[in-house]
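Asker: To be precise about what I am sending: the file is called input.txt and holds compact mmCIF, C-alpha atoms.
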```txt
# COMPACT_ATOMS: atom_id res chain seq x y z
CA MET A 582 127.48 -57.79 113.97
CA ASN A 583 131.00 -58.82 113.03
CA ILE A 584 133.82 -56.32 112.62
CA SER A 585 136.93 -57.40 110.76
CA LYS A 586 140.04 -55.28 110.77
CA SER A 587 142.76 -54.84 108.17
CA THR A 588 145.20 -52.19 106.99
CA GLU A 589 145.31 -50.34 103.68
CA ASN A 590 147.89 -47.69 102.81
CA GLY A 591 148.52 -46.99 106.47
CA GLN A 592 144.83 -46.59 107.23
CA THR A 593 142.83 -48.92 109.43
CA VAL A 594 139.99 -50.64 107.61
CA LEU A 595 137.00 -51.83 109.65
CA LYS A 596 134.56 -53.97 107.71
CA LEU A 597 131.12 -54.20 109.29
CA ASN A 598 128.92 -57.22 108.74
CA GLY A 599 125.33 -57.24 110.02
CA ARG A 600 123.23 -54.44 111.51
CA LEU A 601 124.49 -51.26 113.13
CA ASP A 602 121.72 -50.84 115.69
CA THR A 603 120.99 -50.39 119.41
CA THR A 604 122.38 -53.85 120.16
CA THR A 605 125.63 -53.57 118.21
CA ALA A 606 126.47 -49.85 118.22
CA PRO A 607 128.15 -49.77 121.68
CA ASP A 608 130.71 -52.45 120.73
CA PHE A 609 131.29 -50.84 117.36
CA GLN A 610 131.85 -47.46 118.98
CA ASP A 611 134.37 -48.93 121.44
CA THR A 612 136.27 -50.59 118.60
CA LEU A 613 136.16 -47.47 116.45
CA LEU A 614 137.35 -45.12 119.21
CA GLY A 615 140.11 -47.59 120.11
CA GLU A 616 141.37 -47.55 116.52
CA ILE A 617 141.10 -43.77 116.27
CA LYS A 618 143.32 -43.50 119.37
CA THR A 619 146.17 -45.15 117.43
CA GLY A 620 146.34 -41.94 115.37
CA LYS A 621 145.60 -43.64 112.06
CA SER A 622 142.84 -42.63 109.72
CA ILE A 623 139.88 -44.96 109.37
CA LEU A 624 138.15 -46.59 106.42
CA LEU A 625 134.74 -48.09 107.20
CA ASP A 626 133.68 -50.74 104.70
CA PHE A 627 129.87 -50.90 104.62
CA SER A 628 129.54 -53.47 101.83
CA GLU A 629 128.16 -56.13 104.19
CA LEU A 630 126.14 -53.81 106.42
CA ALA A 631 122.36 -54.32 106.29
CA TYR A 632 121.21 -51.09 107.90
CA VAL A 633 121.97 -48.26 110.29
CA SER A 634 119.49 -47.12 112.95
CA SER A 635 119.68 -43.90 114.97
CA ALA A 636 121.87 -45.65 117.56
CA GLY A 637 124.26 -46.47 114.73
CA LEU A 638 124.17 -42.86 113.55
CA ARG A 639 125.09 -41.77 117.08
CA SER A 640 128.19 -44.01 117.06
CA LEU A 641 129.24 -42.70 113.63
CA LEU A 642 128.84 -39.12 114.82
CA THR A 643 130.97 -39.87 117.88
CA GLY A 644 133.64 -41.36 115.61
CA GLN A 645 133.50 -38.40 113.25
CA LYS A 646 134.01 -35.96 116.11
CA ALA A 647 136.94 -38.02 117.42
CA VAL A 648 138.78 -38.12 114.08
CA ALA A 649 138.17 -34.40 113.56
CA ALA A 650 139.68 -33.69 116.99
CA GLY A 651 142.69 -35.88 116.18
CA GLY A 652 143.27 -34.38 112.73
CA GLN A 653 142.51 -37.75 111.10
CA THR A 654 139.85 -38.80 108.63
CA MET A 655 137.07 -41.39 108.71
CA THR A 656 135.86 -42.46 105.28
CA LEU A 657 132.88 -44.69 104.52
CA ARG A 658 132.96 -46.85 101.42
CA HIS A 659 130.56 -49.22 99.65
CA VAL A 660 127.53 -47.55 101.23
CA SER A 661 124.33 -49.12 99.89
CA ASP A 662 121.56 -46.99 98.38
CA GLU A 663 119.32 -47.83 101.36
CA ILE A 664 121.85 -46.70 103.94
CA MET A 665 122.61 -43.63 101.81
CA GLU A 666 118.89 -42.77 101.97
CA VAL A 667 119.09 -42.78 105.77
CA PHE A 668 122.20 -40.56 105.65
CA ASP A 669 120.48 -38.16 103.24
CA MET A 670 117.26 -38.10 105.28
CA THR A 671 119.10 -37.22 108.48
CA GLY A 672 121.66 -34.85 106.96
CA PHE A 673 124.48 -37.26 107.82
CA SER A 674 125.64 -37.28 104.20
CA ASP A 675 126.86 -33.71 104.86
CA ILE A 676 128.68 -34.68 108.07
CA LEU A 677 130.37 -37.92 107.04
CA THR A 678 132.99 -38.49 104.37
CA ILE A 679 131.51 -41.02 101.97
CA GLU A 680 133.34 -42.42 98.96
CA SER A 681 131.17 -42.27 95.87
CA ALA A 682 130.38 -45.65 94.41
CA MET B 581 96.58 -59.66 115.13
CA LYS B 582 99.64 -61.60 116.26
CA THR B 583 100.81 -60.39 119.64
CA ILE B 584 103.99 -60.61 121.69
CA THR B 585 104.59 -59.23 125.18
CA VAL B 586 108.14 -58.78 126.44
CA PRO B 587 109.86 -56.89 129.25
CA ALA B 588 110.58 -53.41 127.92
CA LEU B 589 114.36 -53.85 127.87
CA THR B 590 116.75 -53.18 124.99
CA GLU B 591 117.98 -56.78 125.39
CA GLN B 592 114.59 -57.84 123.99
CA LEU B 593 115.07 -55.92 120.74
CA ASP B 594 116.13 -58.94 118.70
CA THR B 595 113.09 -60.91 119.92
CA VAL B 596 110.80 -58.09 118.79
CA LEU B 597 112.55 -57.75 115.42
CA GLU B 598 112.24 -61.50 114.82
CA PHE B 599 108.55 -61.37 115.69
CA VAL B 600 107.88 -58.61 113.14
CA GLN B 601 110.11 -60.23 110.53
CA GLY B 602 108.12 -63.44 110.99
CA GLU B 603 105.01 -61.58 109.85
CA LEU B 604 106.85 -59.97 106.93
CA ASP B 605 108.08 -63.39 105.81
CA GLN B 606 104.50 -64.27 104.90
CA ILE B 607 104.56 -61.78 102.05
CA ASN B 608 107.07 -60.79 99.43
CA CYS B 609 108.64 -57.88 101.21
CA SER B 610 111.76 -56.36 99.65
CA THR B 611 114.90 -56.25 101.78
CA LYS B 612 114.77 -52.48 101.55
CA ILE B 613 111.28 -52.24 103.03
CA CYS B 614 112.00 -54.94 105.64
CA ASN B 615 115.04 -52.92 106.75
CA GLN B 616 113.04 -49.69 106.91
CA ILE B 617 110.45 -51.41 109.08
CA ALA B 618 113.19 -52.89 111.30
CA ILE B 619 114.70 -49.42 111.84
CA ALA B 620 111.28 -48.03 112.82
CA VAL B 621 110.49 -50.95 115.14
CA GLU B 622 113.86 -50.51 116.85
CA GLU B 623 113.35 -46.79 117.40
CA ILE B 624 109.91 -47.20 118.95
CA PHE B 625 110.74 -50.23 121.08
CA VAL B 626 114.00 -48.76 122.37
CA ASN B 627 112.18 -45.53 123.21
CA ILE B 628 109.74 -47.53 125.34
CA ALA B 629 112.60 -49.49 126.91
CA HIS B 630 114.47 -46.30 127.82
CA TYR B 631 111.65 -44.06 128.99
CA ALA B 632 108.24 -45.63 129.58
CA TYR B 633 108.78 -47.09 133.05
CA ARG B 634 112.02 -45.49 134.14
CA PRO B 635 113.42 -46.22 136.70
CA ASP B 636 111.22 -49.32 136.93
CA VAL B 637 110.72 -52.04 134.35
CA GLY B 638 107.43 -53.01 132.76
CA ASP B 639 106.10 -54.84 129.75
CA ALA B 640 105.68 -53.79 126.17
CA THR B 641 103.18 -55.47 123.89
CA ILE B 642 103.68 -55.47 120.14
CA ARG B 643 100.83 -56.38 117.82
CA CYS B 644 101.41 -56.99 114.17
CA GLN B 645 99.19 -57.63 111.20
CA VAL B 646 99.80 -57.91 107.50
CA SER B 647 96.76 -57.25 105.34
CA THR B 648 96.90 -58.56 101.80
CA GLN B 649 93.70 -57.04 100.47
CA GLY B 650 94.77 -54.65 97.76
CA GLN B 651 98.39 -53.59 98.15
CA PRO B 652 99.88 -55.46 101.12
CA GLN B 653 100.17 -53.32 104.23
CA ILE B 654 101.71 -53.95 107.60
CA THR B 655 100.29 -52.50 110.82
CA ILE B 656 102.38 -52.61 113.98
CA GLU B 657 101.07 -51.43 117.35
CA PHE B 658 103.22 -50.80 120.41
CA LEU B 659 101.45 -50.73 123.78
CA ASP B 660 102.90 -49.91 127.17
CA SER B 661 101.43 -48.94 130.53
CA GLY B 662 104.15 -46.45 131.39
CA LYS B 663 104.02 -42.71 131.74
CA PRO B 664 101.80 -41.02 129.15
CA TYR B 665 104.18 -39.87 126.45
CA ASP B 666 103.55 -38.79 122.88
CA PRO B 667 106.85 -39.07 121.01
CA LEU B 668 105.33 -37.37 117.97
CA LYS B 669 105.16 -34.08 119.88
CA ASN B 670 108.94 -33.72 119.99
CA ASP B 671 110.53 -30.95 117.99
CA GLU B 672 112.12 -32.18 114.80
CA PRO B 673 115.92 -32.17 114.88
CA ASP B 674 117.87 -29.70 112.76
CA THR B 675 119.41 -32.00 110.17
CA THR B 676 121.50 -29.23 108.63
CA LEU B 677 123.87 -28.50 111.54
CA PRO B 678 127.57 -29.40 111.24
CA ALA B 679 128.89 -32.42 113.16
CA GLU B 680 130.18 -30.44 116.16
CA GLU B 681 126.74 -28.97 116.83
CA ARG B 682 124.71 -32.07 116.09
CA ARG B 683 122.43 -33.52 118.73
CA ILE B 684 121.05 -36.99 118.27
CA GLY B 685 117.91 -36.58 120.41
CA GLY B 686 114.75 -36.85 118.35
CA LEU B 687 116.50 -38.30 115.34
CA GLY B 688 114.98 -41.76 115.84
CA ILE B 689 111.36 -40.63 115.81
CA PHE B 690 112.15 -38.31 112.89
CA MET B 691 113.37 -41.36 110.94
CA VAL B 692 110.24 -43.33 111.88
CA LYS B 693 108.01 -40.58 110.49
CA ARG B 694 109.97 -40.53 107.26
CA LEU B 695 110.18 -44.31 106.85
CA MET B 696 106.56 -45.21 107.65
CA ASP B 697 103.42 -44.15 105.79
CA THR B 698 101.48 -43.30 108.94
CA VAL B 699 102.46 -42.95 112.59
CA GLN B 700 99.72 -42.39 115.18
CA TYR B 701 99.76 -41.99 118.94
CA GLU B 702 96.93 -42.30 121.41
CA TYR B 703 96.62 -42.73 125.16
CA ARG B 704 93.75 -45.06 125.98
CA ASP B 705 92.80 -47.14 129.02
CA GLY B 706 96.06 -46.24 130.76
CA LYS B 707 98.19 -47.27 127.82
CA ASN B 708 100.42 -45.52 125.35
CA ILE B 709 99.52 -46.88 121.93
CA LEU B 710 101.73 -46.08 118.98
CA THR B 711 100.66 -47.42 115.61
CA LEU B 712 102.84 -47.67 112.52
CA GLN B 713 101.55 -48.48 109.07
CA LYS B 714 103.36 -49.00 105.82
CA LEU B 715 102.50 -50.34 102.42
CA VAL B 716 104.81 -53.22 101.63
```
Take the structure in this file and express it as structure tokens.

Answerer:
Amino acid sequence: MNISKSTENGQTVLKLNGRLDTTTAPDFQDTLLGEIKTGKSILLDFSELAYVSSAGLRSLLTGQKAVAAGGQTMTLRHVSDEIMEVFDMTGFSDILTIESA
Amino acid sequence: MKTITVPALTEQLDTVLEFVQGELDQINCSTKICNQIAIAVEEIFVNIAHYAYRPDVGDATIRCQVSTQGQPQITIEFLDSGKPYDPLKNDEPDTTLPAEERRIGGLGIFMVKRLMDTVQYEYRDGKNILTLQKLV
């Protein structure tokens, strides 16, 4: 998976390209937690993300808890219908902040 | 059935996913269904890698078959010779808890049950055998 970083209105944008799975989730989580430590809010661009497995869900939950503790926000955008199904199935759509399409 | 045997290590996940995708490439499988199958394969294989032989390492065998009689269906079997363990017996996670109270344990197998049409476990001849089936 590739992660590209940019800035938008003072928020850090991380664009994920590939799969968020057992192999890639640890690196993603490190990057995400590093960015959260800067104190900025986070936008996660999922437009190029193929799928999220339970290891990916774990990393998103860790990120969500970290932003909540820091008084920041983490917003997901461009979430595909397939990934949204996984979020709905697991109740993650209630936990995460997801921009409507 | 096509068969692959690999060390049960998470580093082998991509090899296993490629093996299954190779079978799916023979039929017209939508990206959506291919991704659902990939998620399920990951959950089961990683479970074996994490728990079957711990603290030792052993092999996992994955067998895969696509049947094209009637509606195409894929069957994927996972075999390991580790500790007898039926992942289907786990309690289902509470998917309604808020983030602070969420536990991730059990979420993977919960997703597998939802994403596949049938999931079966048996222990036979000293092997854990988990079989997934899904209409593609």

Asker: Please check the contacts: residues of chain A at most 9 Å away from chain B, using all atoms listed in the file, listed as a PyMOL selection string.

Answerer: chain A and resi 602-604+631-636+638-639+642+645-646+663+667+670-673+675-677

Asker: If we count all atoms listed in the file and set the cut-off at 8 Å, which residues sit around region 625-628 of chain A, ignoring sequence neighbours fewer than 2 positions away in its own chain? Please answer as a list in words.

Answerer: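 That gives Val594, Leu595, Lys596, Leu597, Asn598, Ile623, Leu630, Met655, Thr656, Leu657, Arg658, His659, Val660 and Ser661 of chain A.
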
Asker: What does the structure give for the distance between CA of Gly644 (chain A) and CA of Leu613 (chain A), in Å to one decimal?

Answerer: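 These atoms are spaced 6.7 Å apart.
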
Asker: May I have the protein, DNA and RNA residues with any atom at most 7 Å from the point (129.5, -45.1, 117.9), counting all atoms listed in the file, written as a PyMOL selection string?

Answerer: chain A and resi 606-607+609-610+637+639-644

Asker: As an exercise, work out the distance from CA of Val637 (chain B) to CA of Val699 (chain B) in Å and give it to one decimal place.

Answerer: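 Calculated distance between CA of Val637 (chain B) and CA of Val699 (chain B) is 25.0 Å.
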
Asker: Considering all atoms listed in the file, return as a count of residues only whatever protein or nucleic-acid residues lie within 12 Å of Asn590 (chain A), sequence-local ones (same chain, fewer than 2 positions apart) excluded.

Answerer: 9

Asker: Out of B:Lys582, B:Asp660, B:Asp666, B:Glu681, which residue has the shortest atom-to-atom distance to Asp705 (chain B) when counting only C-alpha atoms?

Answerer: B:Asp660

Asker: CA of Gly591 (chain A) and CA of Gly651 (chain A) are how many Å apart?

Answerer: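 Value for the CA of Gly591 (chain A)-CA of Gly651 (chain A) distance: 15.9 Å.
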
Asker: Check the smallest atom-to-atom distance from each of B:Thr648, B:Asn670, B:Thr641, B:Thr655 to Asn708 (chain B) using only C-alpha atoms, then report the winner.

Answerer: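 The shortest atom-to-atom distance to Asn708 (chain B) comes from B:Thr641.
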
Asker: Determine the nearest neighbour of Glu657 (chain B) from the options B:Phe599, B:Ile709, B:Ile584, B:Tyr631, counting all atoms listed in the file.

Answerer: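 Residue with the minimum atom-to-atom distance to Glu657 (chain B): B:Ile709.
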
Asker: In terms of the shortest atom-to-atom distance over all atoms listed in the file, which of B:Leu597, B:Ile654, B:Val586, B:Val716 is closest to Ala640 (chain B)?

Answerer: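 Using all atoms listed in the file, the shortest distance to Ala640 (chain B) belongs to B:Val586.
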
Asker: Excluding Lys707 (chain B) and any residue of its chain fewer than 5 positions from it, enumerate the residues within 9 Å of it, using all atoms listed in the file, and give them as a PyMOL selection string.

Answerer: chain B and resi 659-664+702

Asker: For Asp636 (chain B), please output as a count of residues only all residues within 12 Å (counting all atoms listed in the file; exclusion window: fewer than 2 positions along the same chain).

Answerer: 15

Asker: Choose the residue, out of A:Ile617, A:Glu680, A:Ile664, A:Glu629, that has the smallest atom-to-atom separation from Ala649 (chain A); count all atoms listed in the file.

Answerer: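 Selected residue with least distance to Ala649 (chain A): A:Ile617.
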